file structure.cif (mmCIF, C-alpha atoms)
data_coords
#
loop_
_atom_site.label_atom_id
_atom_site.label_comp_id
_atom_site.auth_asym_id
_atom_site.auth_seq_id
_atom_site.Cartn_x
_atom_site.Cartn_y
_atom_site.Cartn_z
CA MET K 1 127.39 75.93 -39.31
CA ASN K 2 128.83 72.59 -40.46
CA TYR K 3 131.55 72.48 -43.13
CA HIS K 4 132.40 69.74 -45.57
CA PHE K 5 136.07 68.84 -45.94
CA SER K 6 136.04 70.06 -49.56
CA GLN K 7 135.09 73.54 -48.36
CA LEU K 8 138.44 73.87 -46.61
CA PHE K 9 140.08 74.15 -50.02
CA TYR K 10 137.26 75.03 -52.42
CA PRO K 11 134.80 77.12 -50.39
CA GLU K 12 131.33 77.68 -51.75
CA TYR K 13 129.95 79.83 -48.94
CA CYS K 14 131.39 82.63 -46.84
CA LEU K 15 132.37 81.31 -43.42
CA LEU K 16 130.80 84.29 -41.70
CA CYS K 17 127.60 85.19 -43.53
CA GLU K 18 127.05 81.99 -45.57
CA GLU K 19 126.56 83.94 -48.79
CA THR K 20 127.65 82.12 -51.94
CA ILE K 21 131.12 83.15 -53.06
CA VAL K 22 133.01 82.52 -56.28
CA SER K 23 136.55 83.11 -55.14
CA GLN K 24 139.74 81.43 -54.03
CA TYR K 25 139.11 82.93 -50.60
CA PHE K 26 137.07 81.75 -47.64
CA ILE K 27 135.47 85.07 -46.69
CA CYS K 28 133.28 87.20 -48.93
CA LYS K 29 134.31 90.74 -49.83
CA ALA K 30 131.57 92.38 -47.74
CA CYS K 31 132.59 90.54 -44.55
CA TYR K 32 136.29 91.03 -45.23
CA GLN K 33 135.86 94.80 -45.45
CA GLN K 34 134.41 94.88 -41.92
CA PHE K 35 137.63 93.73 -40.24
CA PRO K 36 139.73 96.17 -38.15
CA PHE K 37 142.64 96.91 -40.48
CA ASN K 38 145.94 98.16 -39.10
CA GLN K 39 146.01 100.93 -41.67
CA THR K 40 148.29 103.53 -40.06
CA ASN K 41 151.26 102.16 -38.21
CA CYS K 42 154.98 102.11 -37.64
CA LEU K 43 156.43 100.52 -40.75
CA HIS K 44 159.12 98.83 -38.64
CA CYS K 45 157.08 97.25 -35.82
CA ALA K 46 153.47 97.74 -37.09
CA SER K 47 152.43 99.47 -33.86
CA PRO K 48 149.17 101.34 -34.60
CA LEU K 49 149.60 105.10 -34.85
CA LYS K 50 147.68 108.14 -36.03
CA GLU K 51 149.74 108.13 -39.23
CA SER K 52 152.20 105.72 -40.85
CA ILE K 53 155.86 106.50 -40.23
CA ASP K 54 159.11 104.60 -40.78
CA ASN K 55 159.93 104.33 -37.06
CA CYS K 56 157.79 105.06 -34.02
CA GLY K 57 159.28 106.51 -30.83
CA ALA K 58 159.87 103.06 -29.36
CA CYS K 59 161.73 101.88 -32.47
CA LEU K 60 163.84 105.04 -32.47
CA HIS K 61 164.72 104.38 -28.84
CA LEU K 62 165.48 100.68 -29.39
CA SER K 63 165.48 99.60 -33.02
CA PRO K 64 164.04 96.09 -33.54
CA LEU K 65 166.40 93.47 -34.88
CA TRP K 66 164.04 92.46 -37.68
CA HIS K 67 163.72 94.12 -41.08
CA GLN K 68 159.96 94.76 -41.27
CA ALA K 69 156.66 93.70 -39.71
CA ILE K 70 153.64 92.67 -41.78
CA ILE K 71 150.63 92.72 -39.42
CA PRO K 72 147.48 93.72 -41.30
CA PHE K 73 144.86 93.72 -38.51
CA LEU K 74 144.30 95.23 -35.08
CA TYR K 75 143.56 92.93 -32.14
CA GLN K 76 139.96 94.08 -31.94
CA LYS K 77 136.52 92.59 -32.62
CA PRO K 78 136.02 90.26 -34.37
CA ILE K 79 139.69 89.30 -34.92
CA ASN K 80 140.36 88.89 -31.19
CA TYR K 81 137.33 86.61 -30.96
CA TYR K 82 138.54 84.31 -33.76
CA ILE K 83 142.03 84.09 -32.27
CA SER K 84 140.63 83.37 -28.81
CA GLN K 85 138.32 80.69 -30.17
CA LEU K 86 141.28 79.03 -31.85
CA LYS K 87 143.72 79.24 -28.94
CA TYR K 88 141.49 78.57 -25.96
CA HIS K 89 138.43 76.77 -27.29
CA GLN K 90 139.95 74.33 -29.81
CA GLN K 91 138.02 75.83 -32.73
CA LEU K 92 140.65 74.77 -35.26
CA LEU K 93 138.66 75.89 -38.29
CA GLN K 94 139.40 79.45 -37.18
CA ALA K 95 142.99 78.79 -38.31
CA LYS K 96 141.76 78.59 -41.90
CA LEU K 97 139.81 81.82 -41.55
CA LEU K 98 142.82 83.65 -40.06
CA ALA K 99 145.20 82.34 -42.72
CA ASP K 100 142.76 83.39 -45.42
CA ILE K 101 142.23 86.97 -44.28
CA PHE K 102 145.95 87.42 -43.54
CA TYR K 103 146.81 86.41 -47.09
CA GLN K 104 144.12 88.62 -48.59
CA ALA K 105 145.39 91.64 -46.66
CA ALA K 106 149.14 91.01 -46.95
CA ARG K 107 149.44 89.37 -50.38
CA VAL K 108 151.24 92.27 -52.08
CA GLN K 109 153.69 92.77 -49.20
CA ILE K 110 154.41 89.05 -49.11
CA GLN K 111 155.14 88.98 -52.84
CA GLN K 112 157.44 91.98 -52.52
CA SER K 113 159.25 90.52 -49.52
CA SER K 114 159.66 86.91 -50.77
CA PRO K 115 161.38 85.19 -47.83
CA GLN K 116 162.98 81.81 -48.46
CA VAL K 117 161.13 80.15 -45.60
CA ILE K 118 158.48 80.83 -42.97
CA ILE K 119 158.98 79.76 -39.36
CA PRO K 120 155.95 79.48 -37.05
CA ILE K 121 156.80 80.59 -33.51
CA PRO K 122 157.10 77.38 -31.45
CA LEU K 123 155.43 76.72 -28.11
CA HIS K 124 157.15 74.86 -25.31
CA PRO K 125 156.23 71.13 -25.44
CA SER K 126 154.43 71.38 -22.10
CA ARG K 127 152.24 74.18 -23.48
CA VAL K 128 151.47 72.15 -26.59
CA TYR K 129 150.52 69.20 -24.38
CA GLN K 130 148.27 71.42 -22.27
CA ARG K 131 146.56 73.09 -25.22
CA GLY K 132 146.67 70.12 -27.58
CA PHE K 133 148.17 72.05 -30.52
CA ASN K 134 150.21 75.11 -31.50
CA GLN K 135 147.78 77.68 -32.90
CA THR K 136 150.43 79.31 -35.09
CA LEU K 137 151.34 75.95 -36.59
CA GLU K 138 147.67 75.35 -37.36
CA ILE K 139 147.45 78.72 -39.14
CA SER K 140 150.59 77.94 -41.13
CA LYS K 141 149.11 74.70 -42.46
CA TYR K 142 146.44 76.71 -44.28
CA LEU K 143 148.70 79.62 -45.15
CA GLN K 144 151.38 77.59 -46.93
CA PRO K 145 149.27 76.66 -50.00
CA LEU K 146 148.35 80.34 -50.39
CA VAL K 147 151.80 81.90 -50.12
CA GLN K 148 153.62 79.05 -51.89
CA ILE K 149 156.65 79.49 -49.63
CA PRO K 150 158.01 76.53 -47.64
CA PHE K 151 157.56 76.38 -43.88
CA ASP K 152 160.15 75.00 -41.48
CA TYR K 153 158.57 73.69 -38.29
CA HIS K 154 161.75 72.18 -36.91
CA LEU K 155 164.42 74.90 -37.08
CA ILE K 156 163.62 76.64 -33.78
CA ARG K 157 162.96 75.01 -30.42
CA ARG K 158 161.49 76.66 -27.36
CA LYS K 159 163.62 75.26 -24.56
CA LYS K 160 162.25 77.27 -21.62
CA ASN K 161 158.66 77.19 -20.42
CA THR K 162 158.44 80.84 -19.46
CA LEU K 163 155.89 82.56 -17.25
CA PRO K 164 152.76 83.91 -19.00
CA GLN K 165 153.50 87.22 -20.71
CA VAL K 166 150.11 88.83 -20.14
CA GLY K 167 150.39 92.03 -18.12
CA LEU K 168 154.18 92.29 -18.34
CA SER K 169 155.96 95.34 -19.74
CA ARG K 170 158.19 94.98 -22.79
CA ALA K 171 161.31 95.13 -20.63
CA LYS K 172 160.02 92.40 -18.31
CA ARG K 173 158.92 90.29 -21.28
CA LEU K 174 162.42 90.50 -22.74
CA ILE K 175 163.91 89.36 -19.44
CA ASN K 176 161.32 86.59 -19.12
CA LEU K 177 162.09 85.28 -22.62
CA ARG K 178 165.88 85.57 -22.53
CA GLY K 179 167.47 82.29 -23.63
CA SER K 180 164.10 80.67 -24.38
CA PHE K 181 164.77 79.72 -28.01
CA GLU K 182 167.50 77.93 -29.93
CA VAL K 183 168.26 76.89 -33.50
CA ILE K 184 168.52 73.11 -33.45
CA LYS K 185 169.72 72.18 -36.94
CA PRO K 186 172.07 73.49 -39.64
CA HIS K 187 170.52 75.68 -42.33
CA SER K 188 171.43 77.96 -45.21
CA TYR K 189 168.59 80.48 -44.88
CA GLN K 190 169.40 84.11 -45.58
CA HIS K 191 165.88 85.60 -45.44
CA VAL K 192 163.15 84.20 -43.19
CA ALA K 193 159.71 85.27 -41.97
CA LEU K 194 158.54 84.54 -38.44
CA LEU K 195 154.82 83.81 -38.10
CA ASP K 196 152.69 84.34 -34.98
CA ASP K 197 149.03 84.95 -34.27
CA VAL K 198 149.32 88.16 -32.23
CA MET K 199 152.13 90.62 -31.56
CA THR K 200 151.99 92.82 -28.46
CA THR K 201 155.38 94.25 -27.55
CA GLY K 202 157.48 92.19 -29.96
CA ALA K 203 159.50 90.59 -27.17
CA THR K 204 159.02 87.05 -28.48
CA MET K 205 159.88 88.08 -32.03
CA HIS K 206 162.95 89.92 -30.72
CA GLU K 207 164.26 86.85 -28.95
CA VAL K 208 163.68 84.50 -31.91
CA THR K 209 165.16 87.02 -34.35
CA LYS K 210 168.25 87.27 -32.17
CA VAL K 211 168.98 83.54 -32.32
CA LEU K 212 168.28 83.43 -36.06
CA LEU K 213 170.72 86.24 -36.77
CA LYS K 214 173.34 84.49 -34.66
CA SER K 215 172.79 81.33 -36.73
CA GLY K 216 173.62 83.11 -40.00
CA VAL K 217 170.29 84.53 -41.18
CA LYS K 218 170.71 88.00 -42.69
CA THR K 219 167.12 89.28 -42.89
CA VAL K 220 164.11 88.51 -40.68
CA ASP K 221 160.57 89.66 -41.40
CA ILE K 222 157.75 89.49 -38.88
CA TRP K 223 154.32 88.21 -39.87
CA ALA K 224 151.35 88.20 -37.51
CA ILE K 225 147.60 88.27 -37.92
CA ALA K 226 146.96 91.09 -35.46
CA ARG K 227 148.73 93.83 -33.52
CA ARG K 228 147.66 94.42 -29.94
CA GLY K 229 148.00 98.07 -28.93
CA SER K 230 151.38 99.74 -28.83
CA HIS K 231 154.57 99.52 -26.78
#
call {"tool": "encode", "arguments": {"input": "structure.cif", "output": "structure tokens"}}
result
Amino acid sequence: MNYHFSQLFYPEYCLLCEETIVSQYFICKACYQQFPFNQTNCLHCASPLKESIDNCGACLHLSPLWHQAIIPFLYQKPINYYISQLKYHQQLLQAKLLADIFYQAARVQIQQSSPQVIIPIPLHPSRVYQRGFNQTLEISKYLQPLVQIPFDYHLIRRKKNTLPQVGLSRAKRLINLRGSFEVIKPHSYQHVALLDDVMTTGATMHEVTKVLLKSGVKTVDIWAIARRGSH
């Protein structure tokens, strides 16, 4: 399906089924309701559970540094397909779709949370060069007009090009990521939200939250499109 530029901001047809829609959103209600919602989860890390609780066993064992996690979907079909198409197949329009459904699902939580700024998780420059873009940055470009909260793309730098995280345990991921991020400019933020596409163990979010807290931030929220499994 081909899309006109105007449809990026004023959609006339659902991206998935092509039905006519009269809405500020990009996906029709029927398609939206088919997504795998992360309905019962740990309210601290958003790990999917049989029932929602304040802290799962992993969070009780090692409490995350952040305040709360807003992750409305599970990393299952078709969400995992859209994320994969964006990250590995340069299908950049998927960023609009992901931003749209995230906002639809998380709008109330976002309004209640109201961070001062949103920070997309940075990639190492070599990874950006290899891929051609940062998928989280692409999502943020479409999300910003919806949430009406400023984004800061230049506060955090990824200074280490770490080994791929796939297949590593949370403990090994934390070791792999240690010292990977730094705050590179002065700021006065007290409450920030970190944005990523997928959260698995939370190791990346942990490391970025740690440097933000050291820089003077008081409250960090975690935003991601999808949650992959549990700890």
call {"tool": "atom_distance", "arguments": {"input": "structure.cif", "atom1": "CA of Val220 in chain K", "atom2": "CA of Ala95 in chain K"}}
result
23.4 Å
call {"tool": "residues_near_point", "arguments": {"input": "structure.cif", "point": "(171.6, 83.9, -40.8)", "cutoff": "9 Å", "atoms": "only C-alpha atoms", "output": "VMD selection string"}}
result
chain K and resid 187 to 192 211 to 220
call {"tool": "resolve_selection", "arguments": {"input": "structure.cif", "expression": "the PyMOL selection byres ((chain K and resi 206) around 10)", "output": "list in words"}}
result
Pro64, Leu65, Trp66, Leu174, Leu177, Arg178, Thr201, Gly202, Ala203, Thr204, Met205, Glu207, Val208, Thr209, Lys210, Val211, Leu212 and Ile222 of chain K
call {"tool": "write_last_selection", "arguments": {"input": "structure.cif", "atoms": "C-alpha atoms", "output": "PDB file, keeping the file's coordinate frame"}}
result
ATOM      1  CA  PRO K  64     164.040  96.090 -33.540  1.00  0.00           C
ATOM      2  CA  LEU K  65     166.400  93.470 -34.880  1.00  0.00           C
ATOM      3  CA  TRP K  66     164.040  92.460 -37.680  1.00  0.00           C
ATOM      4  CA  LEU K 174     162.420  90.500 -22.740  1.00  0.00           C
ATOM      5  CA  LEU K 177     162.090  85.280 -22.620  1.00  0.00           C
ATOM      6  CA  ARG K 178     165.880  85.570 -22.530  1.00  0.00           C
ATOM      7  CA  THR K 201     155.380  94.250 -27.550  1.00  0.00           C
ATOM      8  CA  GLY K 202     157.480  92.190 -29.960  1.00  0.00           C
ATOM      9  CA  ALA K 203     159.500  90.590 -27.170  1.00  0.00           C
ATOM     10  CA  THR K 204     159.020  87.050 -28.480  1.00  0.00           C
ATOM     11  CA  MET K 205     159.880  88.080 -32.030  1.00  0.00           C
ATOM     12  CA  GLU K 207     164.260  86.850 -28.950  1.00  0.00           C
ATOM     13  CA  VAL K 208     163.680  84.500 -31.910  1.00  0.00           C
ATOM     14  CA  THR K 209     165.160  87.020 -34.350  1.00  0.00           C
ATOM     15  CA  LYS K 210     168.250  87.270 -32.170  1.00  0.00           C
ATOM     16  CA  VAL K 211     168.980  83.540 -32.320  1.00  0.00           C
ATOM     17  CA  LEU K 212     168.280  83.430 -36.060  1.00  0.00           C
ATOM     18  CA  ILE K 222     157.750  89.490 -38.880  1.00  0.00           C
TER      19      ILE K 222
END
call {"tool": "residues_around", "arguments": {"input": "structure.cif", "residues": "range 193-198 of chain K", "least_positions_apart": "4", "cutoff": "7 Å", "atoms": "only C-alpha atoms", "output": "ChimeraX atom specification"}}
result
/K:115,117-121,136,220-228
call {"tool": "atom_distance", "arguments": {"input": "structure.cif", "atom1": "CA of Tyr103 in chain K", "atom2": "CA of Leu143 in chain K"}}
result
7.3 Å
call {"tool": "residues_around", "arguments": {"input": "structure.cif", "residues": "Gln39 in chain K", "least_positions_apart": "6", "cutoff": "8 Å", "atoms": "all atoms listed in the file", "output": "mmCIF file with C-alpha atoms, in the frame of the given file"}}
result
data_model
loop_
_atom_site.group_PDB
_atom_site.id
_atom_site.type_symbol
_atom_site.label_atom_id
_atom_site.label_comp_id
_atom_site.auth_asym_id
_atom_site.auth_seq_id
_atom_site.Cartn_x
_atom_site.Cartn_y
_atom_site.Cartn_z
ATOM 1 C CA PRO K 48 149.170 101.340 -34.600
ATOM 2 C CA SER K 52 152.200 105.720 -40.850
ATOM 3 C CA PRO K 72 147.480 93.720 -41.300
ATOM 4 C CA PHE K 73 144.860 93.720 -38.510
#
call {"tool": "closest_residue", "arguments": {"input": "structure.cif", "among": "K:Ile139, K:Lys96, K:Pro186, K:Gly229", "to": "Leu49 in chain K", "atoms": "all atoms listed in the file"}}
result
K:Gly229
call {"tool": "closest_residue", "arguments": {"input": "structure.cif", "among": "K:Leu123, K:Cys31, K:Ile70, K:Cys56", "to": "Arg107 in chain K", "atoms": "all atoms listed in the file"}}
result
K:Ile70
call {"tool": "axis_aligned_box", "arguments": {"input": "structure.cif", "around": "range 108-120 of chain K", "padding_each_side": "8 Å", "output": "JSON"}}
result
{"center_x": 157.1, "center_y": 86.1, "center_z": -44.9, "size_x": 27.7, "size_y": 29.3, "size_z": 31.8}
call {"tool": "residues_near_point", "arguments": {"input": "structure.cif", "point": "(140.4, 80.8, -32.7)", "cutoff": "12 Å", "atoms": "only C-alpha atoms", "output": "ChimeraX atom specification"}}
result
/K:78-99,133-136,138-139,197-198,225
call {"tool": "atom_distance", "arguments": {"input": "structure.cif", "atom1": "CA of Tyr32 in chain K", "atom2": "CA of Tyr142 in chain K"}}
result
17.6 Å
call {"tool": "resolve_selection", "arguments": {"input": "structure.cif", "expression": "the PyMOL selection byres ((chain K and resi 14) around 6)", "output": "list in words"}}
result
Tyr13, Leu15, Leu16, Cys17, Glu18, Glu19, Phe26, Ile27 and Cys28 of chain K
call {"tool": "closest_residue", "arguments": {"input": "structure.cif", "among": "K:Cys45, K:Tyr153, K:Lys29, K:His124", "to": "Leu137 in chain K", "atoms": "only C-alpha atoms"}}
result
K:Tyr153
call {"tool": "resolve_selection", "arguments": {"input": "structure.cif", "expression": "the PyMOL selection byres ((chain K and resi 42) around 10)", "output": "ChimeraX atom specification"}}
result
/K:38-41,43-59,68-69,230
call {"tool": "decode", "arguments": {"input": "structure.cif", "residues": "range 3-133 of chain K", "atoms": "C-alpha atoms", "output": "short mmCIF file (atom, residue, chain, number, x, y, z; two decimals), in the first residue's frame"}}
result
data_model
loop_
_atom_site.label_atom_id
_atom_site.label_comp_id
_atom_site.auth_asym_id
_atom_site.auth_seq_id
_atom_site.Cartn_x
_atom_site.Cartn_y
_atom_site.Cartn_z
CA TYR K 3 0.83 6.41 1.42
CA HIS K 4 0.66 10.08 0.63
CA PHE K 5 2.68 12.42 2.84
CA SER K 6 -0.53 14.03 4.13
CA GLN K 7 -1.65 10.67 5.50
CA LEU K 8 1.24 10.71 7.97
CA PHE K 9 -0.54 13.46 9.86
CA TYR K 10 -4.15 13.32 8.67
CA PRO K 11 -4.85 9.65 7.91
CA GLU K 12 -7.88 8.76 5.87
CA TYR K 13 -7.47 4.98 5.83
CA CYS K 14 -6.38 2.45 8.42
CA LEU K 15 -2.78 1.42 7.81
CA LEU K 16 -3.62 -2.23 8.32
CA CYS K 17 -7.02 -2.92 6.77
CA GLU K 18 -7.42 0.20 4.58
CA GLU K 19 -10.89 0.91 5.95
CA THR K 20 -11.86 4.57 6.03
CA ILE K 21 -11.33 6.12 9.46
CA VAL K 22 -12.45 9.43 10.92
CA SER K 23 -10.03 9.78 13.79
CA GLN K 24 -6.83 11.42 14.92
CA TYR K 25 -5.28 7.95 14.92
CA PHE K 26 -3.65 5.89 12.21
CA ILE K 27 -5.21 2.52 13.04
CA CYS K 28 -8.92 1.76 13.10
CA LYS K 29 -10.58 0.57 16.30
CA ALA K 30 -11.17 -2.97 15.02
CA CYS K 31 -7.50 -3.51 14.13
CA TYR K 32 -6.30 -1.83 17.30
CA GLN K 33 -8.31 -4.21 19.46
CA GLN K 34 -6.50 -7.20 17.92
CA PHE K 35 -3.09 -6.26 19.34
CA PRO K 36 -1.52 -8.29 22.19
CA PHE K 37 -2.05 -6.00 25.18
CA ASN K 38 0.14 -6.32 28.26
CA GLN K 39 -2.92 -6.33 30.48
CA THR K 40 -1.68 -8.06 33.63
CA ASN K 41 1.82 -7.19 34.69
CA CYS K 42 4.20 -6.00 37.36
CA LEU K 43 3.35 -2.35 37.87
CA HIS K 44 7.03 -1.56 38.47
CA CYS K 45 8.73 -3.28 35.52
CA ALA K 46 5.71 -4.25 33.32
CA SER K 47 6.80 -7.90 33.20
CA PRO K 48 3.75 -9.93 32.08
CA LEU K 49 2.17 -11.94 34.89
CA LYS K 50 -1.02 -13.86 35.59
CA GLU K 51 -2.30 -10.88 37.58
CA SER K 52 -1.18 -7.29 38.10
CA ILE K 53 0.84 -6.66 41.25
CA ASP K 54 2.95 -3.76 42.51
CA ASN K 55 6.23 -5.71 42.41
CA CYS K 56 7.04 -9.06 40.85
CA GLY K 57 9.54 -11.45 42.44
CA ALA K 58 12.43 -10.02 40.43
CA CYS K 59 11.60 -6.46 41.51
CA LEU K 60 11.33 -7.55 45.14
CA HIS K 61 14.75 -9.17 44.84
CA LEU K 62 16.35 -6.18 43.09
CA SER K 63 14.13 -3.11 42.91
CA PRO K 64 14.53 -1.17 39.63
CA LEU K 65 15.90 2.34 39.88
CA TRP K 66 13.05 3.83 37.87
CA HIS K 67 9.66 4.91 39.19
CA GLN K 68 7.29 3.08 36.84
CA ALA K 69 7.19 1.33 33.46
CA ILE K 70 4.54 2.08 30.83
CA ILE K 71 4.69 -0.75 28.28
CA PRO K 72 1.24 -1.45 26.84
CA PHE K 73 1.94 -4.38 24.49
CA LEU K 74 3.52 -7.82 24.55
CA TYR K 75 6.30 -8.64 22.09
CA GLN K 76 4.08 -10.98 20.11
CA LYS K 77 2.44 -11.04 16.67
CA PRO K 78 1.90 -8.63 15.04
CA ILE K 79 3.82 -6.14 17.24
CA ASN K 80 7.09 -8.07 16.93
CA TYR K 81 6.68 -8.06 13.15
CA TYR K 82 6.23 -4.27 12.97
CA ILE K 83 9.24 -3.66 15.22
CA SER K 84 11.37 -6.08 13.20
CA GLN K 85 10.34 -4.47 9.94
CA LEU K 86 11.35 -1.09 11.31
CA LYS K 87 14.68 -2.13 12.85
CA TYR K 88 16.00 -4.61 10.32
CA HIS K 89 14.21 -3.87 7.06
CA GLN K 90 14.20 -0.05 6.97
CA GLN K 91 10.40 0.14 6.93
CA LEU K 92 10.36 3.57 8.57
CA LEU K 93 6.61 4.04 8.24
CA GLN K 94 6.27 1.39 10.95
CA ALA K 95 7.58 4.04 13.36
CA LYS K 96 4.39 6.02 12.83
CA LEU K 97 2.24 2.96 13.43
CA LEU K 98 4.11 2.09 16.64
CA ALA K 99 3.94 5.65 17.95
CA ASP K 100 0.23 5.77 17.20
CA ILE K 101 -0.75 2.55 18.97
CA PHE K 102 1.52 3.33 21.93
CA TYR K 103 -0.20 6.67 22.43
CA GLN K 104 -3.66 5.16 22.07
CA ALA K 105 -2.89 2.52 24.70
CA ALA K 106 -0.88 4.67 27.13
CA ARG K 107 -2.54 8.08 26.79
CA VAL K 108 -4.12 8.14 30.26
CA GLN K 109 -0.94 6.95 32.00
CA ILE K 110 1.11 9.51 30.11
CA GLN K 111 -1.23 12.32 31.14
CA GLN K 112 -1.11 11.19 34.76
CA SER K 113 2.68 10.88 34.74
CA SER K 114 3.53 14.13 32.89
CA PRO K 115 7.34 13.97 32.63
CA GLN K 116 9.17 17.17 31.72
CA VAL K 117 11.03 15.55 28.85
CA ILE K 118 11.31 12.29 26.93
CA ILE K 119 14.69 10.78 26.09
CA PRO K 120 14.94 8.16 23.31
CA ILE K 121 17.51 5.49 24.16
CA PRO K 122 20.58 6.26 22.00
CA LEU K 123 22.46 3.77 19.84
CA HIS K 124 26.22 3.79 19.51
CA PRO K 125 27.26 5.84 16.42
CA SER K 126 28.68 2.72 14.76
CA ARG K 127 25.31 0.97 15.14
CA VAL K 128 23.50 3.98 13.70
CA TYR K 129 25.91 3.96 10.75
CA GLN K 130 25.34 0.25 10.21
CA ARG K 131 21.55 0.45 10.45
CA GLY K 132 21.16 3.91 8.94
CA PHE K 133 18.94 5.26 11.74
#
